[in-house]
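Structure file input-v8.cif; described as mmCIF, C-alpha atoms and all ligand atoms.
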data_entry
loop_
_atom_site.label_atom_id
_atom_site.label_comp_id
_atom_site.auth_asym_id
_atom_site.auth_seq_id
_atom_site.Cartn_x
_atom_site.Cartn_y
_atom_site.Cartn_z
CA GLU M 1 199.09 86.96 256.94
CA THR M 2 196.17 86.81 259.37
CA PRO M 3 192.81 87.89 258.06
CA ILE M 4 191.41 90.60 260.32
CA GLU M 5 188.00 90.88 258.76
CA LYS M 6 186.17 88.30 256.76
CA LYS M 7 186.98 88.83 253.14
CA PRO M 8 184.30 88.54 250.46
CA SER M 9 184.35 85.67 248.01
CA TRP M 10 185.86 87.75 245.20
CA ILE M 11 189.07 88.37 247.17
CA LYS M 12 190.52 85.07 246.06
CA THR M 13 193.72 84.36 244.22
CA ARG M 14 194.55 81.50 242.01
CA VAL M 15 197.72 79.69 242.89
CA ARG M 16 199.16 78.86 239.52
CA MET M 17 202.86 78.14 239.59
CA GLY M 18 204.32 78.49 236.13
CA PRO M 19 207.89 77.63 235.12
CA GLU M 20 209.22 81.20 235.40
CA PHE M 21 207.74 81.59 238.88
CA THR M 22 209.20 78.29 240.03
CA GLU M 23 212.63 79.21 238.70
CA LEU M 24 212.59 82.65 240.36
CA LYS M 25 211.34 81.23 243.65
CA GLY M 26 214.30 78.85 243.86
CA LEU M 27 216.78 81.48 242.78
CA VAL M 28 215.58 84.10 245.27
CA LYS M 29 215.89 81.55 248.05
CA ARG M 30 219.34 80.35 247.02
CA GLU M 31 220.71 83.87 246.61
CA GLY M 32 219.02 85.22 249.74
CA LEU M 33 217.32 88.07 247.80
CA HIS M 34 214.59 90.27 249.25
CA THR M 35 211.46 91.28 247.35
CA VAL M 36 208.32 93.05 248.46
CA CYS M 37 206.41 90.40 246.50
CA GLU M 38 207.45 87.67 248.93
CA GLU M 39 207.91 89.67 252.10
CA ALA M 40 204.49 91.34 251.90
CA GLY M 41 202.89 88.03 250.96
CA CYS M 42 201.49 89.56 247.78
CA PRO M 43 198.79 87.38 246.24
CA ASN M 44 199.84 88.36 242.71
CA ILE M 45 203.30 86.84 242.94
CA TYR M 46 202.49 83.89 240.62
CA GLU M 47 201.39 86.23 237.86
CA CYS M 48 204.01 88.96 238.24
CA TRP M 49 206.95 86.61 238.61
CA GLU M 50 205.76 84.57 235.65
CA ASP M 51 206.13 87.82 233.66
CA ARG M 52 209.55 88.43 235.31
CA GLU M 53 208.33 91.49 237.16
CA ALA M 54 209.02 92.16 240.84
CA THR M 55 209.08 94.93 243.44
CA PHE M 56 211.87 95.99 245.81
CA LEU M 57 211.85 98.24 248.86
CA ILE M 58 214.69 100.70 249.49
CA GLY M 59 215.66 102.93 252.39
CA GLY M 60 215.20 100.38 255.15
CA ASP M 61 212.24 99.02 257.08
CA GLN M 62 211.49 102.10 259.21
CA CYS M 63 209.57 105.04 257.74
CA THR M 64 209.68 108.61 259.01
CA ARG M 65 205.98 109.02 258.23
CA ARG M 66 202.92 107.11 259.26
CA CYS M 67 200.07 106.25 256.90
CA ASP M 68 197.00 104.49 258.22
CA PHE M 69 196.91 101.72 255.63
CA CYS M 70 200.61 100.89 255.49
CA GLN M 71 202.26 97.90 257.11
CA ILE M 72 205.71 99.48 257.25
CA ASP M 73 206.74 100.55 260.75
CA THR M 74 207.25 104.17 261.70
CA GLY M 75 210.50 104.90 263.49
CA LYS M 76 214.04 106.13 263.24
CA PRO M 77 215.58 104.66 260.08
CA ALA M 78 219.01 103.04 260.10
CA ALA M 79 221.91 104.98 258.57
CA LEU M 80 221.84 105.35 254.80
CA ASP M 81 223.26 102.25 253.10
CA ARG M 82 225.16 103.58 250.10
CA THR M 83 225.65 100.08 248.72
CA GLU M 84 221.91 99.43 248.53
CA PRO M 85 221.40 100.75 244.96
CA ARG M 86 224.05 98.38 243.65
CA LYS M 87 222.62 95.44 245.60
CA VAL M 88 219.13 96.05 244.23
CA ALA M 89 220.53 96.30 240.70
CA GLU M 90 222.31 92.99 241.24
CA SER M 91 219.09 91.38 242.45
CA VAL M 92 217.30 92.60 239.33
CA GLN M 93 220.10 91.11 237.26
CA ALA M 94 220.14 87.80 239.13
CA MET M 95 216.39 87.46 238.68
CA GLY M 96 216.59 88.37 235.00
CA LEU M 97 213.70 90.79 235.41
CA ARG M 98 212.00 92.44 232.46
CA TYR M 99 210.54 95.16 234.65
CA SER M 100 211.20 96.20 238.22
CA THR M 101 209.25 98.41 240.58
CA ILE M 102 211.27 100.24 243.21
CA THR M 103 209.53 101.73 246.18
CA GLY M 104 210.77 102.88 249.52
CA VAL M 105 210.16 104.59 252.80
CA ALA M 106 210.12 108.35 253.35
CA ARG M 107 213.54 109.46 254.64
CA ASP M 108 212.84 112.86 256.15
CA ASP M 109 215.85 112.25 258.40
CA LEU M 110 218.22 112.72 255.45
CA ALA M 111 219.17 116.19 254.21
CA ASP M 112 218.14 115.28 250.66
CA GLY M 113 215.05 113.32 251.74
CA GLY M 114 216.59 110.23 250.18
CA ALA M 115 216.67 111.72 246.66
CA TRP M 116 220.16 110.37 245.97
CA LEU M 117 219.17 106.89 247.12
CA TYR M 118 216.12 106.75 244.85
CA ALA M 119 217.97 108.23 241.87
CA GLU M 120 221.07 106.09 242.30
CA THR M 121 218.97 102.93 242.45
CA VAL M 122 217.44 103.74 239.06
CA ARG M 123 220.87 104.56 237.62
CA GLN M 124 222.40 101.33 238.90
CA ILE M 125 219.53 99.16 237.65
CA HIS M 126 219.72 100.73 234.21
CA ALA M 127 223.53 100.41 234.12
CA LEU M 128 223.51 96.71 234.99
CA ASN M 129 220.27 95.82 233.19
CA PRO M 130 219.97 97.86 229.98
CA GLY M 131 216.78 96.13 228.86
CA THR M 132 214.90 96.28 232.15
CA GLY M 133 212.24 98.89 232.80
CA VAL M 134 212.24 100.69 236.13
CA GLU M 135 209.12 102.01 237.76
CA LEU M 136 210.04 104.31 240.63
CA LEU M 137 207.34 104.78 243.27
CA ILE M 138 208.37 107.75 245.38
CA PRO M 139 207.31 109.56 248.53
CA ASP M 140 206.66 113.26 247.93
CA PHE M 141 210.08 114.77 248.84
CA ASN M 142 207.89 117.60 250.15
CA ALA M 143 207.58 118.57 246.47
CA GLU M 144 211.05 120.18 246.80
CA PRO M 145 212.07 121.02 243.21
CA ASP M 146 215.79 120.27 243.80
CA GLN M 147 215.16 116.85 245.29
CA LEU M 148 212.59 115.98 242.64
CA ALA M 149 215.00 117.14 239.90
CA GLU M 150 217.63 114.69 241.13
CA VAL M 151 215.09 111.86 241.21
CA PHE M 152 213.55 112.71 237.81
CA GLY M 153 217.03 113.04 236.28
CA SER M 154 217.60 109.31 236.80
CA ARG M 155 214.95 108.78 234.10
CA PRO M 156 212.86 105.86 235.35
CA GLU M 157 210.53 104.46 232.68
CA VAL M 158 207.62 105.35 234.99
CA LEU M 159 207.54 107.82 237.86
CA ALA M 160 204.80 106.86 240.30
CA HIS M 161 203.53 108.83 243.25
CA ASN M 162 200.40 107.57 244.91
CA VAL M 163 197.74 109.85 246.34
CA GLU M 164 196.03 106.70 247.71
CA THR M 165 192.82 108.41 248.81
CA VAL M 166 190.43 111.29 248.20
CA PRO M 167 190.89 114.83 249.59
CA ARG M 168 188.10 114.73 252.24
CA ILE M 169 189.71 111.96 254.26
CA PHE M 170 193.31 112.43 253.06
CA LYS M 171 194.66 114.15 256.17
CA ARG M 172 193.42 111.40 258.46
CA ILE M 173 194.77 108.59 256.27
CA ARG M 174 198.09 110.21 255.30
CA PRO M 175 198.91 112.81 257.98
CA GLY M 176 202.46 113.32 256.67
CA PHE M 177 201.27 114.15 253.17
CA ARG M 178 199.01 116.73 251.49
CA TYR M 179 196.69 115.93 248.60
CA ALA M 180 197.53 119.08 246.64
CA ARG M 181 201.25 118.58 247.23
CA SER M 182 201.03 115.04 245.89
CA LEU M 183 199.26 116.30 242.77
CA ASP M 184 202.06 118.84 242.40
CA VAL M 185 204.68 116.05 242.49
CA ILE M 186 202.86 114.36 239.60
CA THR M 187 202.65 117.63 237.68
CA GLN M 188 206.38 118.24 238.13
CA ALA M 189 207.20 114.69 236.98
CA ARG M 190 205.12 115.07 233.84
CA ALA M 191 206.71 118.45 233.13
CA ALA M 192 210.10 116.69 233.35
CA GLY M 193 208.96 114.46 230.49
CA LEU M 194 208.36 111.30 232.51
CA VAL M 195 205.50 108.83 232.22
CA THR M 196 203.46 109.36 235.39
CA LYS M 197 201.39 107.01 237.50
CA SER M 198 199.30 107.07 240.67
CA ASN M 199 197.11 104.80 242.77
CA LEU M 200 193.86 105.04 244.70
CA ILE M 201 193.08 102.56 247.48
CA LEU M 202 189.33 102.12 247.97
CA GLY M 203 187.61 100.96 251.13
CA MET M 204 188.98 103.58 253.54
CA GLY M 205 185.90 105.80 253.73
CA GLU M 206 185.63 107.41 250.29
CA THR M 207 182.46 107.43 248.19
CA PRO M 208 182.28 106.31 244.53
CA ASP M 209 181.58 109.90 243.45
CA GLU M 210 184.66 111.14 245.26
CA VAL M 211 186.68 108.54 243.36
CA SER M 212 185.45 109.99 240.05
CA VAL M 213 186.41 113.51 241.13
CA ALA M 214 189.87 112.37 242.25
CA LEU M 215 190.40 110.60 238.91
CA ARG M 216 189.62 113.83 237.08
CA GLU M 217 191.96 115.83 239.36
CA LEU M 218 194.78 113.31 238.90
CA PHE M 219 194.38 113.42 235.14
CA ASP M 220 194.33 117.21 235.13
CA ALA M 221 197.51 117.18 237.24
CA GLY M 222 199.26 115.19 234.51
CA CYS M 223 198.81 111.60 235.66
CA GLU M 224 198.80 109.07 232.80
CA ILE M 225 198.55 105.65 234.45
CA ILE M 226 196.11 104.91 237.24
CA THR M 227 195.61 101.82 239.37
CA ILE M 228 192.56 101.45 241.61
CA THR M 229 192.74 98.88 244.40
CA GLN M 230 190.97 97.48 247.47
CA TYR M 231 192.24 98.25 250.96
CA LEU M 232 193.20 95.16 252.96
CA ARG M 233 193.84 95.87 256.62
CA PRO M 234 197.40 94.81 257.46
CA SER M 235 196.71 94.44 261.20
CA ALA M 236 194.27 95.37 263.96
CA ARG M 237 196.13 98.61 264.69
CA HIS M 238 195.49 99.80 261.14
CA HIS M 239 192.51 101.64 259.74
CA PRO M 240 189.50 99.27 259.55
CA VAL M 241 188.12 98.25 256.16
CA ASP M 242 185.22 100.65 255.49
CA ARG M 243 183.77 98.64 252.62
CA TRP M 244 184.55 95.83 250.22
CA VAL M 245 184.21 97.35 246.78
CA LYS M 246 182.40 95.01 244.43
CA PRO M 247 184.12 93.93 241.21
CA GLU M 248 181.38 95.74 239.22
CA GLU M 249 182.25 99.04 240.89
CA PHE M 250 185.90 98.60 239.91
CA VAL M 251 184.75 98.10 236.31
CA GLU M 252 182.78 101.35 236.55
CA HIS M 253 185.79 103.27 237.88
CA ALA M 254 187.97 101.84 235.11
CA LYS M 255 185.44 103.01 232.52
CA THR M 256 185.36 106.46 234.10
CA ALA M 257 189.16 106.66 234.03
CA GLU M 258 189.26 105.59 230.37
CA ALA M 259 186.58 108.13 229.48
CA ILE M 260 188.56 110.87 231.23
CA GLY M 261 191.49 109.94 229.00
CA PHE M 262 193.98 107.89 231.07
CA PRO M 263 195.96 105.76 228.59
CA GLY M 264 196.80 103.18 231.28
CA VAL M 265 194.13 101.87 233.66
CA MET M 266 194.06 98.88 236.00
CA ALA M 267 191.33 98.42 238.61
CA GLY M 268 190.23 95.49 240.72
CA PRO M 269 190.00 93.99 244.20
CA LEU M 270 193.43 92.34 244.00
CA VAL M 271 195.21 94.95 241.93
CA ARG M 272 198.28 96.53 243.55
CA SER M 273 200.01 99.63 242.25
CA SER M 274 202.85 97.40 241.00
CA TYR M 275 200.58 94.69 239.59
CA ARG M 276 201.62 93.83 236.03
CA ALA M 277 203.29 97.21 235.95
CA GLY M 278 205.48 96.48 232.92
CA ARG M 279 202.52 95.38 230.89
CA LEU M 280 200.59 98.51 231.83
CA TYR M 281 203.58 100.67 230.92
CA ALA M 282 203.88 99.00 227.50
CA GLN M 283 200.15 99.49 226.92
CA THR M 284 200.43 103.16 227.86
CA LYS M 285 203.37 103.74 225.54
CA ALA M 286 201.55 102.10 222.65
CA HIS M 287 198.48 104.27 223.24
FE1 LIG T 301 204.11 103.57 254.23
FE2 LIG T 301 205.06 105.23 252.36
FE3 LIG T 301 203.37 106.12 254.24
FE4 LIG T 301 205.89 105.46 254.87
S1 LIG T 301 205.24 107.14 253.52
S2 LIG T 301 204.04 104.92 256.03
S3 LIG T 301 206.23 103.71 253.52
S4 LIG T 301 202.89 104.61 252.63
FE1 LIG T 302 205.24 91.94 243.44
FE2 LIG T 302 203.74 94.10 243.03
FE3 LIG T 302 203.31 91.93 241.60
FE4 LIG T 302 202.67 91.96 244.17
S1 LIG T 302 201.73 93.19 242.55
S2 LIG T 302 203.74 90.32 243.10
S3 LIG T 302 204.32 93.23 245.02
S4 LIG T 302 205.18 93.17 241.57
#
So that I can check it, write out the structure of this file as structure tokens.
Amino acid sequence: ETPIEKKPSWIKTRVRMGPEFTELKGLVKREGLHTVCEEAGCPNIYECWEDREATFLIGGDQCTRRCDFCQIDTGKPAALDRTEPRKVAESVQAMGLRYSTITGVARDDLADGGAWLYAETVRQIHALNPGTGVELLIPDFNAEPDQLAEVFGSRPEVLAHNVETVPRIFKRIRPGFRYARSLDVITQARAAGLVTKSNLILGMGETPDEVSVALRELFDAGCEIITITQYLRPSARHHPVDRWVKPEEFVEHAKTAEAIGFPGVMAGPLVRSSYRAGRLYAQTKAH
């Protein structure tokens, strides 16, 4: 990971290797497993793995859409791998995870948008790992009710769909998505009886007031868990960092979200949408 812009002092992680982390690290290497945690160089890996939580990417390494902040390449995806759901479930089992986050690329090349792949991955993880929570972070499936119904029917513990930014700059940052359509996905998930979650990445041109408005709109759309994070530019061809949000501002946004009524809130410079996701889910359920 090469730093593109100088990061402020508060973007620092503590390297604290606990016993669970060390065990998982060796196991993942021996078994040749792939996690987003390692492959994206996530700074939270010591904490999440210590809690036996990890994130996996499905659908391949080429996305049919292009978002300005995302390090995944845009291109023609490889053919659908129908064995992938089983392989991911086996990785979850091998790692003895308590909670797994599954995310993936948009597969607009497939007739079902990848709905089967997402749903089958949840089903396989649950079948092999009855005690493990699954958080499914989905693209929007163009808000197609049939595709969403298949995905929702797999009953992940949490259904996440990230709006990532505020409406004014949304089209520039996520040209393949629509803000209102993303809110609709969240509304449909909540109506299906799922626990819903979304994320906002700050530092891409939004103002603090726009963040407050977006929080209110997300809540009104049915979103229950919200994470608020800092944008880190993956490479020079990505959107530049507009601002480094101070830790105090994250605290303010968290307070706003709690006041609005979100039962699950996590905000901070190093927070990721999958950061301590199992813990946040448990907290939300207990609320
Ligand atoms: Fe990245 Fe998802 Fe956007 Fe594809 S749809 S570019 S994976 S954020
Ligand atoms: Fe893995 Fe997400 Fe935790 Fe990073 S924040 S270590 S990607 S689970």
Practice problem: Using all atoms listed in the file, find each residue with an atom at most 8 Å away from ligand LIG 301 (chain T) and format the answer as a PyMOL selection string. | Solution: chain M and resi 62-74+104-106+139+174+176
Atom S1 of ligand LIG 302 (chain T) to atom CA of M:Glu210 measures 24.9 Å
(message) For a cutoff of 12 Å around the file-coordinate point (211.5, 95.5, 235.6), which residues qualify once you count all atoms listed in the file? I'd like the result as a PyMOL selection string.
(response) chain M and resi 48-49+51-56+88-89+91-93+95-102+122+125-126+129-136+156-158+274-282
Practice item. Tell me, as a ChimeraX atom specification, which residues lie within 12 Å of M:Pro19, counting all atoms listed in the file; anything in the same chain fewer than 2 positions away does not count. Key: /M:16-17,21-26,46-47,49-52
Based on the selection just made, write C-alpha atoms of those residues as a short mmCIF file (atom, residue, chain, number, x, y, z; two decimals), in the coordinates of the input.
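Saved result, part.cif, follows:
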data_model
loop_
_atom_site.label_atom_id
_atom_site.label_comp_id
_atom_site.auth_asym_id
_atom_site.auth_seq_id
_atom_site.Cartn_x
_atom_site.Cartn_y
_atom_site.Cartn_z
CA ARG M 16 199.16 78.86 239.52
CA MET M 17 202.86 78.14 239.59
CA PHE M 21 207.74 81.59 238.88
CA THR M 22 209.20 78.29 240.03
CA GLU M 23 212.63 79.21 238.70
CA LEU M 24 212.59 82.65 240.36
CA LYS M 25 211.34 81.23 243.65
CA GLY M 26 214.30 78.85 243.86
CA TYR M 46 202.49 83.89 240.62
CA GLU M 47 201.39 86.23 237.86
CA TRP M 49 206.95 86.61 238.61
CA GLU M 50 205.76 84.57 235.65
CA ASP M 51 206.13 87.82 233.66
CA ARG M 52 209.55 88.43 235.31
#
Separation of atom S2 of ligand LIG 302 (chain T) from atom CA of M:Pro43 in Å:
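Between these atoms lies a distance of 6.6 Å.
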### Message
What's the separation between atom CA of M:Leu218 and atom CA of M:Arg181, in Å to one decimal place?
### Response
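Straight-line distance from atom CA of M:Leu218 to atom CA of M:Arg181 works out to 11.8 Å.
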Measuring between only C-alpha atoms, which one of M:Leu194, M:Leu270, M:Leu137, M:Val213 shows the shortest distance to M:Lys246?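 Of M:Leu194, M:Leu270, M:Leu137, M:Val213, the one nearest M:Lys246 is M:Leu270, counting only C-alpha atoms.
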Counting only C-alpha atoms, the residue among M:Ala111, M:Met266, M:Val271, M:Val251 that lies closest to M:Gln230 is M:Val271
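Taking all atoms listed in the file into account, ligand LIG 302 (chain T) lies nearest to M:Ala40 out of the set M:Cys223, M:Val151, M:Ala40, M:Ile11.
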Next item on the list: Write out as a PyMOL selection string each polymer residue whose atoms come within 12 Å of M:Ile201, counting only C-alpha atoms; drop sequence neighbours fewer than 5 positions from it.
Entry: chain M and resi 68-70+162-166+170+173+206-208+211+214+226-233+241-245+250+267-273
For this session: May I have the protein, DNA and RNA residues with an atom at most 8 Å from (185.3, 89.3, 238.7), counting only C-alpha atoms in the file's coordinates, returned as a list in words?
Result: Trp10, Pro247 and Glu248 of chain M
| Could you name the residues that touch M:Ala79 at 12 Å or less, counting all atoms listed in the file, but leaving out those on the same chain fewer than 2 positions away, as a PyMOL selection string? | chain M and resi 59-62+76-77+81-84+107+109-110+114+117
Atoms kept (C-alpha atoms) for selection, written as a PDB file, in the frame of the given file:
ATOM      1  CA  GLY M  59     215.660 102.930 252.390  1.00  0.00           C
ATOM      2  CA  GLY M  60     215.200 100.380 255.150  1.00  0.00           C
ATOM      3  CA  ASP M  61     212.240  99.020 257.080  1.00  0.00           C
ATOM      4  CA  GLN M  62     211.490 102.100 259.210  1.00  0.00           C
ATOM      5  CA  LYS M  76     214.040 106.130 263.240  1.00  0.00           C
ATOM      6  CA  PRO M  77     215.580 104.660 260.080  1.00  0.00           C
ATOM      7  CA  ASP M  81     223.260 102.250 253.100  1.00  0.00           C
ATOM      8  CA  ARG M  82     225.160 103.580 250.100  1.00  0.00           C
ATOM      9  CA  THR M  83     225.650 100.080 248.720  1.00  0.00           C
ATOM     10  CA  GLU M  84     221.910  99.430 248.530  1.00  0.00           C
ATOM     11  CA  ARG M 107     213.540 109.460 254.640  1.00  0.00           C
ATOM     12  CA  ASP M 109     215.850 112.250 258.400  1.00  0.00           C
ATOM     13  CA  LEU M 110     218.220 112.720 255.450  1.00  0.00           C
ATOM     14  CA  GLY M 114     216.590 110.230 250.180  1.00  0.00           C
ATOM     15  CA  LEU M 117     219.170 106.890 247.120  1.00  0.00           C
TER      16      LEU M 117
END
Using only C-alpha atoms and all ligand atoms, the shortest atom-to-atom distance to ligand LIG 302 (chain T) among M:Val36, M:Thr13, M:Arg155, M:Lys29 belongs to M:Val36
From the list M:Thr284, M:Thr256, M:Asn142, M:Ser182, the nearest residue to M:Glu224 using all atoms listed in the file is M:Thr284
